[in-house]
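Below: final_1.txt (compact mmCIF, C-alpha atoms)
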```txt
# COMPACT_ATOMS: atom_id res chain seq x y z
CA MET M 1 92.86 109.05 53.34
CA GLY M 2 92.64 106.94 56.48
CA ARG M 3 90.73 104.37 58.52
CA ASN M 4 90.13 106.42 61.64
CA TYR M 5 86.81 108.17 61.03
CA ILE M 6 87.31 110.50 64.01
CA LEU M 7 90.63 111.89 62.72
CA CYS M 8 89.40 111.92 59.12
CA GLY M 9 86.39 114.01 60.16
CA GLN M 10 88.64 116.28 62.23
CA TYR M 11 90.77 117.00 59.16
CA THR M 12 88.11 117.21 56.44
CA GLU M 13 85.46 119.09 58.46
CA ILE M 14 87.60 121.40 60.61
CA TYR M 15 91.34 121.49 59.93
CA PHE M 16 91.34 121.69 56.10
CA PRO M 17 88.59 124.32 55.83
CA SER M 18 90.29 126.46 58.52
CA ARG M 19 93.52 126.39 56.47
CA ASN M 20 91.80 126.85 53.09
CA VAL M 21 92.99 123.43 51.95
CA ARG M 22 91.09 121.80 49.13
CA PHE M 23 90.59 118.09 49.67
CA ILE M 24 89.98 115.80 46.68
CA SER M 25 89.40 112.03 46.65
CA LEU M 26 89.09 110.77 43.06
CA ASN M 27 87.92 107.23 43.83
CA ASP M 28 85.21 108.42 46.24
CA GLY M 29 84.21 111.38 44.12
CA VAL M 30 84.84 113.89 46.90
CA ASP M 31 85.91 117.49 46.31
CA SER M 32 85.67 119.95 49.17
CA LEU M 33 85.32 122.84 46.64
CA HIS M 34 81.83 121.58 45.89
CA SER M 35 78.99 120.66 48.22
CA ASN M 36 78.92 116.95 47.29
CA ASN M 37 80.64 115.62 50.44
CA ASP M 38 77.65 114.45 52.52
CA ILE M 39 78.51 110.78 51.90
CA ALA M 40 82.18 111.19 52.97
CA PRO M 41 81.59 110.75 56.77
CA PHE M 42 79.76 107.45 56.15
CA LYS M 43 82.59 106.19 53.94
CA ASN M 44 85.04 107.10 56.73
CA ILE M 45 82.98 105.04 59.18
CA LEU M 46 82.99 102.06 56.79
CA ASN M 47 86.75 102.35 56.39
CA ASP M 48 87.11 102.46 60.18
CA MET M 49 84.92 99.35 60.55
CA TYR M 50 87.15 97.54 58.07
CA ALA M 51 90.25 98.39 60.13
CA LYS M 52 88.50 97.21 63.31
CA ASP M 53 87.41 93.96 61.66
CA MET M 54 90.96 93.29 60.43
CA SER M 55 92.31 93.96 63.95
CA VAL M 56 89.89 91.43 65.48
CA LYS M 57 90.75 88.77 62.88
CA ILE M 58 94.51 89.22 63.28
CA LYS M 59 94.21 89.11 67.07
CA SER M 60 92.09 85.95 66.89
CA ALA M 61 94.64 84.28 64.62
CA LEU M 62 97.51 85.18 66.96
CA HIS M 63 95.58 83.94 70.01
CA ALA M 64 94.89 80.64 68.22
CA LYS M 65 98.61 80.24 67.56
CA ALA M 66 99.41 81.10 71.19
CA ARG M 67 96.96 78.47 72.46
CA LYS M 68 98.75 75.89 70.30
CA GLY M 69 102.02 76.85 71.98
CA GLU M 70 103.61 78.55 68.97
CA PHE M 71 106.20 81.17 69.88
CA LEU M 72 105.06 84.57 68.59
CA GLY M 73 107.77 86.84 70.00
CA SER M 74 110.61 88.44 68.10
CA VAL M 75 113.40 87.34 70.47
CA PRO M 76 113.35 83.95 72.28
CA PRO M 77 113.81 83.93 76.08
CA TYR M 78 117.44 83.84 77.18
CA GLY M 79 118.52 80.19 77.19
CA TYR M 80 116.45 79.26 74.14
CA ALA M 81 116.73 79.62 70.36
CA ARG M 82 114.31 79.14 67.48
CA ASP M 83 114.08 75.63 66.07
CA PRO M 84 115.72 75.80 62.60
CA GLU M 85 112.95 73.57 61.24
CA ASN M 86 110.07 75.47 62.90
CA ARG M 87 110.54 79.15 63.74
CA HIS M 88 107.53 79.07 66.11
CA ARG M 89 109.10 76.39 68.32
CA LEU M 90 111.86 76.87 70.92
CA VAL M 91 114.88 74.65 71.48
CA ILE M 92 117.47 74.88 74.25
CA ASN M 93 120.63 76.89 73.67
CA PRO M 94 123.10 74.81 75.76
CA ASP M 95 125.55 77.61 76.60
CA ALA M 96 122.95 80.15 77.75
CA ALA M 97 120.89 77.41 79.45
CA LYS M 98 123.81 76.73 81.81
CA THR M 99 123.65 80.35 82.97
CA VAL M 100 119.87 80.14 83.48
CA LEU M 101 120.27 77.00 85.57
CA ARG M 102 123.02 78.69 87.59
CA ILE M 103 120.77 81.69 88.30
CA PHE M 104 118.06 79.42 89.71
CA GLU M 105 120.55 77.43 91.78
CA LEU M 106 122.04 80.63 93.22
CA ALA M 107 118.56 81.78 94.22
CA VAL M 108 117.85 78.47 95.95
CA ALA M 109 121.21 78.70 97.72
CA GLY M 110 120.02 81.96 99.26
CA HIS M 111 121.81 84.50 97.10
CA GLY M 112 119.75 87.63 96.46
CA ILE M 113 119.24 89.18 93.03
CA LYS M 114 121.88 91.88 93.53
CA ARG M 115 124.39 89.30 94.73
CA THR M 116 123.67 87.13 91.68
CA VAL M 117 124.17 90.13 89.38
CA LYS M 118 127.57 90.82 90.95
CA MET M 119 128.67 87.18 90.66
CA LEU M 120 127.72 86.94 86.98
CA ASN M 121 129.41 90.24 86.12
CA ASP M 122 132.55 89.32 88.11
CA ASP M 123 132.75 85.99 86.28
CA GLY M 124 132.46 87.70 82.90
CA VAL M 125 129.20 86.01 81.91
CA LEU M 126 127.74 87.80 78.88
CA ALA M 127 124.48 89.65 79.58
CA GLN M 128 121.41 88.88 77.48
CA ALA M 129 121.86 91.77 75.04
CA ASP M 130 125.57 91.01 74.65
CA TYR M 131 124.96 87.31 74.13
CA SER M 132 122.57 87.95 71.22
CA ALA M 133 125.12 90.29 69.62
CA TYR M 134 127.94 87.81 70.30
CA LEU M 135 126.15 85.06 68.36
CA LYS M 136 125.97 87.37 65.32
CA HIS M 137 129.56 88.61 65.72
CA ASN M 138 131.99 87.90 62.89
CA LEU M 139 135.31 86.62 64.25
CA ALA M 140 137.06 88.29 61.31
CA ASP M 141 136.23 91.61 62.99
CA GLY M 142 138.31 90.67 66.03
CA GLU M 143 137.44 89.62 69.57
CA TYR M 144 133.92 90.53 70.72
CA LYS M 145 133.90 93.31 73.32
CA PRO M 146 130.95 93.28 75.74
CA ARG M 147 128.97 96.48 76.08
CA TYR M 148 126.37 95.58 78.68
CA LYS M 149 126.23 94.17 82.20
CA TRP M 150 123.70 92.03 84.00
CA LEU M 151 121.03 94.09 85.76
CA PRO M 152 118.66 93.10 88.60
CA TRP M 153 115.52 93.32 86.43
CA ALA M 154 116.98 90.73 84.01
CA ILE M 155 117.63 88.23 86.83
CA SER M 156 114.16 88.81 88.29
CA GLN M 157 112.58 88.31 84.86
CA ILE M 158 114.37 84.98 84.41
CA LEU M 159 113.39 83.72 87.87
CA HIS M 160 109.71 84.44 87.20
CA ASN M 161 109.54 83.19 83.59
CA GLU M 162 107.60 79.92 83.26
CA ALA M 163 109.14 79.40 79.82
CA TYR M 164 112.00 77.67 81.64
CA LEU M 165 109.51 75.03 82.82
CA GLY M 166 108.64 74.19 79.21
CA HIS M 167 105.51 76.36 79.19
CA MET M 168 104.70 79.15 76.74
CA VAL M 169 103.22 82.23 78.43
CA GLN M 170 102.02 84.76 75.86
CA CYS M 171 99.54 87.61 75.33
CA ARG M 172 100.62 89.26 78.56
CA LYS M 173 100.27 92.63 76.86
CA LYS M 174 97.88 94.08 74.32
CA SER M 175 97.37 97.26 72.33
CA GLN M 176 94.90 99.52 74.07
CA SER M 177 92.94 99.98 70.86
CA TYR M 178 93.34 99.32 67.15
CA ARG M 179 93.43 103.12 66.78
CA THR M 180 96.49 103.58 69.01
CA LYS M 181 99.85 101.88 69.43
CA LYS M 182 99.83 102.22 73.22
CA ILE M 183 100.59 98.86 74.90
CA VAL M 184 99.02 97.91 78.24
CA TRP M 185 99.28 94.83 80.47
CA ASN M 186 96.57 92.19 80.28
CA ASP M 187 94.99 90.88 83.46
CA LYS M 188 96.80 87.71 84.51
CA GLU M 189 93.71 85.58 83.96
CA ASP M 190 93.74 86.68 80.30
CA TRP M 191 97.27 85.44 79.65
CA ILE M 192 97.45 82.46 77.30
CA ILE M 193 99.53 79.61 78.77
CA ALA M 194 100.36 76.53 76.72
CA ARG M 195 101.99 73.91 78.93
CA ASP M 196 104.79 71.46 78.10
CA VAL M 197 105.37 72.68 74.55
CA HIS M 198 109.18 72.68 74.61
CA GLU M 199 112.02 71.16 76.63
CA PRO M 200 112.38 72.70 80.12
CA ILE M 201 115.66 74.06 81.49
CA VAL M 202 114.71 73.83 85.18
CA SER M 203 112.44 71.45 87.09
CA GLN M 204 109.19 72.55 88.73
CA GLU M 205 110.74 71.83 92.13
CA LEU M 206 113.76 74.07 91.47
CA PHE M 207 111.53 76.81 90.04
CA ASP M 208 109.24 76.77 93.10
CA ARG M 209 112.14 76.75 95.54
CA ALA M 210 113.81 79.67 93.77
CA LYS M 211 110.55 81.62 93.72
CA LYS M 212 110.08 81.01 97.43
CA ALA M 213 113.67 81.96 98.20
CA ILE M 214 113.50 85.32 96.43
CA ALA M 215 110.07 86.12 97.89
CA GLY M 216 111.77 86.90 101.21
CA ARG M 217 114.65 89.28 101.73
CA THR M 218 117.97 87.46 102.25
CA ARG M 219 120.61 89.40 104.12
CA VAL M 220 124.22 88.84 103.09
CA ILE M 221 126.92 88.91 105.75
CA GLU M 222 129.45 91.39 104.40
CA LYS M 223 132.51 89.76 106.01
CA ARG M 224 131.74 86.38 104.44
CA GLY M 225 130.03 87.61 101.26
CA GLU M 226 127.26 85.02 101.58
CA PRO M 227 123.84 84.71 103.26
CA HIS M 228 123.58 83.67 106.89
CA LEU M 229 122.80 79.98 107.44
CA PHE M 230 119.19 80.67 108.53
CA SER M 231 118.43 83.78 106.42
CA GLY M 232 114.74 83.85 105.45
CA ILE M 233 113.99 80.62 107.35
CA ILE M 234 113.58 81.58 111.05
CA PHE M 235 110.12 82.90 112.01
CA CYS M 236 108.45 84.09 115.20
CA LYS M 237 105.66 81.65 116.07
CA GLU M 238 103.48 84.27 117.77
CA CYS M 239 103.40 87.11 115.21
CA GLY M 240 104.60 85.22 112.12
CA ARG M 241 107.31 87.75 111.24
CA ARG M 242 110.82 86.76 110.24
CA MET M 243 113.35 86.91 113.04
CA SER M 244 116.42 89.12 112.81
CA HIS M 245 119.99 87.87 113.10
CA HIS M 246 122.24 89.88 115.43
CA ALA M 247 126.02 89.70 115.67
CA ARG M 248 127.65 91.26 118.74
CA GLU M 249 131.35 91.43 119.58
CA THR M 250 130.66 90.83 123.29
CA GLN M 251 128.28 87.86 122.93
CA LYS M 252 127.36 85.02 120.62
CA ASP M 253 125.13 85.58 117.58
CA PHE M 254 121.42 85.38 118.32
CA PHE M 255 117.96 85.72 116.78
CA SER M 256 115.13 87.92 118.01
CA CYS M 257 111.69 88.90 116.71
CA ARG M 258 111.80 91.64 114.08
CA LYS M 259 108.39 93.02 115.06
CA TYR M 260 109.58 93.37 118.66
CA HIS M 261 112.49 95.53 117.47
CA THR M 262 110.25 97.84 115.45
CA GLU M 263 107.20 98.07 117.76
CA GLY M 264 108.43 96.96 121.18
CA LEU M 265 106.28 94.96 123.60
CA SER M 266 103.12 96.38 122.00
CA GLY M 267 103.96 94.34 118.88
CA CYS M 268 105.54 91.13 120.22
CA THR M 269 108.21 89.82 122.59
CA SER M 270 111.93 89.34 122.04
CA HIS M 271 111.94 85.56 121.42
CA PHE M 272 115.69 85.70 122.06
CA ILE M 273 117.55 82.52 121.11
CA PRO M 274 121.26 81.92 120.34
CA VAL M 275 122.07 80.89 116.76
CA ASP M 276 124.16 77.94 117.98
CA ASP M 277 121.15 76.53 119.85
CA VAL M 278 118.97 76.59 116.74
CA SER M 279 121.74 75.05 114.60
CA GLU M 280 122.27 72.21 117.09
CA ILE M 281 118.55 71.44 117.42
CA VAL M 282 117.93 71.41 113.65
CA LEU M 283 121.00 69.23 113.00
CA GLN M 284 119.96 66.77 115.72
CA SER M 285 116.43 66.62 114.30
CA ILE M 286 117.74 65.76 110.83
CA GLN M 287 120.09 63.14 112.25
CA THR M 288 117.24 61.62 114.29
CA HIS M 289 114.97 61.23 111.25
CA VAL M 290 117.79 59.75 109.20
CA LYS M 291 118.50 57.25 111.99
CA LEU M 292 114.81 56.26 112.27
CA LEU M 293 114.69 55.58 108.55
CA GLN M 294 117.85 53.51 108.68
CA GLU M 295 116.55 51.40 111.60
CA ASP M 296 113.05 50.73 110.24
CA GLU M 297 111.98 52.56 107.09
CA ASP M 298 108.48 51.06 107.01
CA ALA M 299 107.71 52.12 110.60
CA ALA M 300 109.09 55.61 109.97
CA LEU M 301 107.03 55.90 106.78
CA GLN M 302 103.84 54.87 108.62
CA ARG M 303 104.50 57.34 111.44
CA LEU M 304 105.06 60.21 109.01
CA LEU M 305 101.91 59.35 107.05
CA GLU M 306 99.78 59.29 110.18
CA LYS M 307 101.15 62.57 111.47
CA LYS M 308 100.89 64.39 108.16
CA ASN M 309 97.34 63.17 107.54
CA THR M 310 96.28 64.18 111.06
CA ASP M 311 97.83 67.64 110.75
CA GLU M 312 96.30 68.20 107.32
CA LYS M 313 92.85 67.13 108.49
CA MET M 314 93.02 69.54 111.45
CA ARG M 315 94.20 72.44 109.28
CA LEU M 316 91.63 71.67 106.59
CA SER M 317 88.81 71.41 109.16
CA THR M 318 89.79 74.69 110.86
CA ALA M 319 90.13 76.57 107.57
CA SER M 320 86.84 75.16 106.22
CA GLN M 321 84.91 76.15 109.35
CA GLU M 322 86.39 79.63 109.30
CA LEU M 323 85.53 79.96 105.59
CA VAL M 324 81.87 79.07 106.23
CA GLN M 325 81.63 81.62 109.06
CA GLN M 326 83.23 84.39 107.02
CA LYS M 327 81.04 83.74 103.98
CA LYS M 328 78.00 83.88 106.26
CA ARG M 329 79.21 87.20 107.65
CA GLN M 330 79.82 88.42 104.10
CA LEU M 331 76.14 87.81 103.24
CA GLU M 332 75.09 89.64 106.42
CA ILE M 333 77.21 92.64 105.43
CA GLU M 334 75.62 92.69 101.96
CA MET M 335 72.15 92.68 103.53
CA ARG M 336 73.08 95.45 105.97
CA ILE M 337 74.48 97.63 103.19
CA LYS M 338 71.23 97.16 101.28
CA LYS M 339 69.24 98.00 104.44
CA VAL M 340 71.09 101.26 105.18
CA TYR M 341 70.51 102.38 101.58
CA GLU M 342 66.77 101.67 101.91
CA ASP M 343 66.56 103.41 105.30
CA ASN M 344 68.41 106.44 103.95
CA VAL M 345 66.18 106.72 100.89
CA SER M 346 63.02 106.40 103.04
CA GLY M 347 64.28 109.04 105.47
CA LYS M 348 64.65 106.71 108.46
CA LEU M 349 68.46 107.11 108.51
CA PRO M 350 70.09 110.59 108.39
CA ASP M 351 72.81 111.19 105.81
CA ASP M 352 75.61 111.50 108.39
CA LEU M 353 74.79 108.15 110.02
CA PHE M 354 74.30 106.59 106.60
CA SER M 355 77.82 107.64 105.57
CA THR M 356 79.31 106.29 108.82
CA PHE M 357 77.53 102.94 108.60
CA LEU M 358 78.30 102.54 104.91
CA ARG M 359 82.00 103.31 105.39
CA ASP M 360 82.30 100.77 108.25
CA TYR M 361 80.45 98.07 106.31
CA GLU M 362 82.48 98.64 103.16
CA THR M 363 85.73 98.42 105.16
CA GLU M 364 84.65 95.13 106.73
CA LYS M 365 83.49 93.88 103.33
CA VAL M 366 86.94 94.46 101.82
CA ALA M 367 88.66 92.79 104.80
CA LEU M 368 86.32 89.78 104.52
CA ARG M 369 86.94 89.46 100.80
CA ASP M 370 90.72 89.32 101.34
CA SER M 371 90.38 86.92 104.26
CA ILE M 372 88.09 84.59 102.29
CA LYS M 373 90.54 84.59 99.39
CA ASN M 374 93.38 83.63 101.76
CA LEU M 375 91.33 80.84 103.32
CA GLU M 376 90.36 79.47 99.90
CA ASP M 377 94.04 79.50 98.87
CA THR M 378 94.96 77.69 102.10
CA ILE M 379 92.33 75.00 101.53
CA HIS M 380 93.47 74.59 97.92
CA ASP M 381 97.10 74.22 99.00
CA ILE M 382 96.22 71.60 101.62
CA GLU M 383 94.11 69.60 99.19
CA SER M 384 96.68 69.77 96.38
CA ASN M 385 99.66 68.87 98.57
CA ARG M 386 98.40 65.69 100.16
CA THR M 387 100.78 63.19 101.69
CA ASP M 388 104.02 63.40 99.75
CA VAL M 389 106.03 61.54 102.36
CA ALA M 390 107.85 59.36 99.83
CA GLN M 391 109.62 62.39 98.38
CA PHE M 392 110.68 63.53 101.87
CA ILE M 393 112.09 60.10 102.67
CA LYS M 394 114.01 59.98 99.39
CA LEU M 395 115.31 63.49 100.06
CA ILE M 396 116.43 63.04 103.66
CA LYS M 397 118.08 59.67 102.96
CA GLY M 398 120.57 61.59 100.85
CA TYR M 399 121.84 63.25 104.04
CA ALA M 400 122.78 60.10 105.93
CA GLY M 401 125.97 60.75 107.87
CA ILE M 402 125.47 64.55 108.01
CA THR M 403 127.65 66.01 110.78
CA GLU M 404 127.49 69.72 109.99
CA LEU M 405 124.52 71.88 109.06
CA THR M 406 125.12 73.74 105.78
CA ARG M 407 122.86 76.20 103.99
CA PRO M 408 122.35 73.99 100.89
CA ALA M 409 121.31 71.09 103.14
CA LEU M 410 119.05 73.34 105.19
CA LEU M 411 117.32 74.81 102.12
CA ALA M 412 116.90 71.37 100.59
CA LEU M 413 115.23 69.86 103.68
CA VAL M 414 113.55 72.67 105.62
CA ASP M 415 110.82 75.14 104.66
CA LYS M 416 110.93 77.17 107.88
CA VAL M 417 111.71 77.06 111.59
CA THR M 418 109.39 78.75 114.11
CA ILE M 419 110.49 79.93 117.56
CA SER M 420 107.93 80.35 120.37
CA GLU M 421 108.32 82.91 123.15
CA PRO M 422 109.89 81.70 126.42
CA ARG M 423 107.43 80.27 128.97
CA ASP M 424 107.79 78.77 132.44
CA SER M 425 106.39 75.43 133.56
CA ARG M 426 102.94 76.96 134.08
CA GLY M 427 102.84 78.39 130.57
CA LYS M 428 103.50 81.95 131.70
CA ARG M 429 105.67 84.12 129.49
CA GLY M 430 109.04 84.67 131.02
CA HIS M 431 112.70 85.51 130.60
CA HIS M 432 114.72 84.22 127.67
CA ASP M 433 116.40 81.53 129.77
CA ARG M 434 113.07 79.71 130.15
CA GLU M 435 111.70 77.05 127.85
CA ARG M 436 110.71 77.81 124.29
CA THR M 437 109.33 75.56 121.54
CA ILE M 438 111.13 75.16 118.23
CA ASN M 439 109.08 73.72 115.36
CA ILE M 440 110.94 72.53 112.26
CA HIS M 441 108.76 72.48 109.14
CA TYR M 442 110.25 70.03 106.66
CA ARG M 443 109.59 70.05 102.94
CA PHE M 444 106.73 67.79 101.81
CA VAL M 445 105.70 66.76 105.34
CA GLY M 446 105.45 69.96 107.40
CA ALA M 447 106.24 70.21 111.12
CA LEU M 448 107.80 67.15 112.75
```
structure tokens encoding of this file:
Amino acid sequence: MGRNYILCGQYTEIYFPSRNVRFISLNDGVDSLHSNNDIAPFKNILNDMYAKDMSVKIKSALHAKARKGEFLGSVPPYGYARDPENRHRLVINPDAAKTVLRIFELAVAGHGIKRTVKMLNDDGVLAQADYSAYLKHNLADGEYKPRYKWLPWAISQILHNEAYLGHMVQCRKKSQSYRTKKIVWNDKEDWIIARDVHEPIVSQELFDRAKKAIAGRTRVIEKRGEPHLFSGIIFCKECGRRMSHHARETQKDFFSCRKYHTEGLSGCTSHFIPVDDVSEIVLQSIQTHVKLLQEDEDAALQRLLEKKNTDEKMRLSTASQELVQQKKRQLEIEMRIKKVYEDNVSGKLPDDLFSTFLRDYETEKVALRDSIKNLEDTIHDIESNRTDVAQFIKLIKGYAGITELTRPALLALVDKVTISEPRDSRGKRGHHDRERTINIHYRFVGAL
């Protein structure tokens, strides 16, 4: 009758008798008209165990295939097709791959997801669902008429899909139980990732830059239909928030701290600076580094190596010391939580004080856990991104002769620009016409 002993019992023991239904199973020798059904529940359990065992074996077989990098899905990711000689392997679909590459390049250029959607739809690029139907379309039936449009979720899915790096990411979802068809998301650490199993469409560098670009909000200037030159790149040095771009009819465009605008002086200070000033300083900095490389590349290389190593050592030392202190505090909190429990059980600590202490300790414990995780990530990033000066030199040499700062050039060379608050000669905070420090953080080498 079935392999779910709970439902089988529900029917045979409750539902059928309540409806005067006679249940007969010839193979098992069961007839509900007679009292010879005591063995039926055990047979239902055995049937259920068989279904469970089959589920485990099938899942194990699929996981083994996933670990070998075999494609298990029904529809390949947009930009790929099944290999005619091996249906579990992906090969690049040249036409769709061009669109995938364009989506990543648009993201790196600073175009947001909604803007990318509009550009693809305006250019008549077939959406994923339409493209699959188009490939199956018979020209004898006439010209193919699109039915779908690109949507933001489709662009976001492409920009986050590691399949375009040549990796196979599978088993992201699972059935909640072999008894139900409900699908739930797996924890990320349980995903099965097989690396470098098919030809990539985008490079790791382009993928990372696109991911970083879409992580921040990029505002599009309506009059020009494109992002501002410094969108998502200018940051306040003091509070770390992105700075807002302001356009006024009566004065030149300028940047100011976003936190200052939302919280006032209690949050931060204005950090006012004209856009033209930032553009000129960044352009001059790029030109200076290009000139130094042209004059004496070996000396410039040595200077960059020394600076980057020194900065990394300082950051690594500071983060490591802070990590040790916070882990020590974490152990203290654990001991204090244990102590308040013991004092409460023994009667030394009243229930109201126990609740107060426990709540405060638990709050600090959560904050410490998050802080420790951030510090560990910082240390990992520093250690895994050691001196990559050669790539920076190769990159910046491509901009010899640059006379105008463009967004593609800026995104290619610069990670972020930080603006300090104005200070006078004694270091006291002052009006916006006083000195401020601008730090330009270049790709691969950091602040120069």
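Closest approach to M:Leu46 among M:Gln10, M:Ser74, M:Gln128, M:Asn4: M:Asn4, based on all atoms listed in the file.
Interatomic distance, atom CA of M:Glu70 against atom CA of M:Glu105: 28.4 Å.
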Around all listed atoms of stretch 133-137 of chain M, padded 4 Å per side, what centre and edge lengths does the axis-aligned box have in Å to one decimal, as lines of an AutoDock Vina configuration file?
```
center_x = 127.3
center_y = 87.7
center_z = 67.8
size_x = 12.4
size_y = 13.2
size_z = 13.0
```
- Item | Residue neighbourhood M:Arg443, 12 Å, only C-alpha atoms, exclusion window fewer than 5 positions, as a ChimeraX atom specification | /M:205,208-209,308,385,387-396,409-417,448
- Query: M:Ala400, M:Tyr5, M:Lys327, M:Gln284: which is nearest M:Lys52, counting all atoms listed in the file?
  - Reply: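 So, comparing all the options, the nearest one is M:Tyr5.
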- Message: I'd like to know which of M:His160, M:Lys57, M:Lys237, M:His441 is closest to M:Ile286, using all atoms listed in the file.
- Response: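 Smallest separation from M:Ile286 among the options: M:His441.
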- Please provide the set of residues having any atom within 9 Å of stretch 18-32 of chain M, restricted to only C-alpha atoms, with same-chain residues fewer than 6 positions apart removed, written as a VMD selection string. chain M and resid 1 12 39 to 40 43
- So how many Å separate atom CA of M:Cys239 and atom CA of M:Leu368, to one decimal? 20.3 Å
- Using all atoms listed in the file, find the one residue out of M:Pro76, M:Gly110, M:Gly398, M:Gly264 that sits nearest to M:Tyr164.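 Checking each candidate against M:Tyr164, we get M:Pro76 as the closest.
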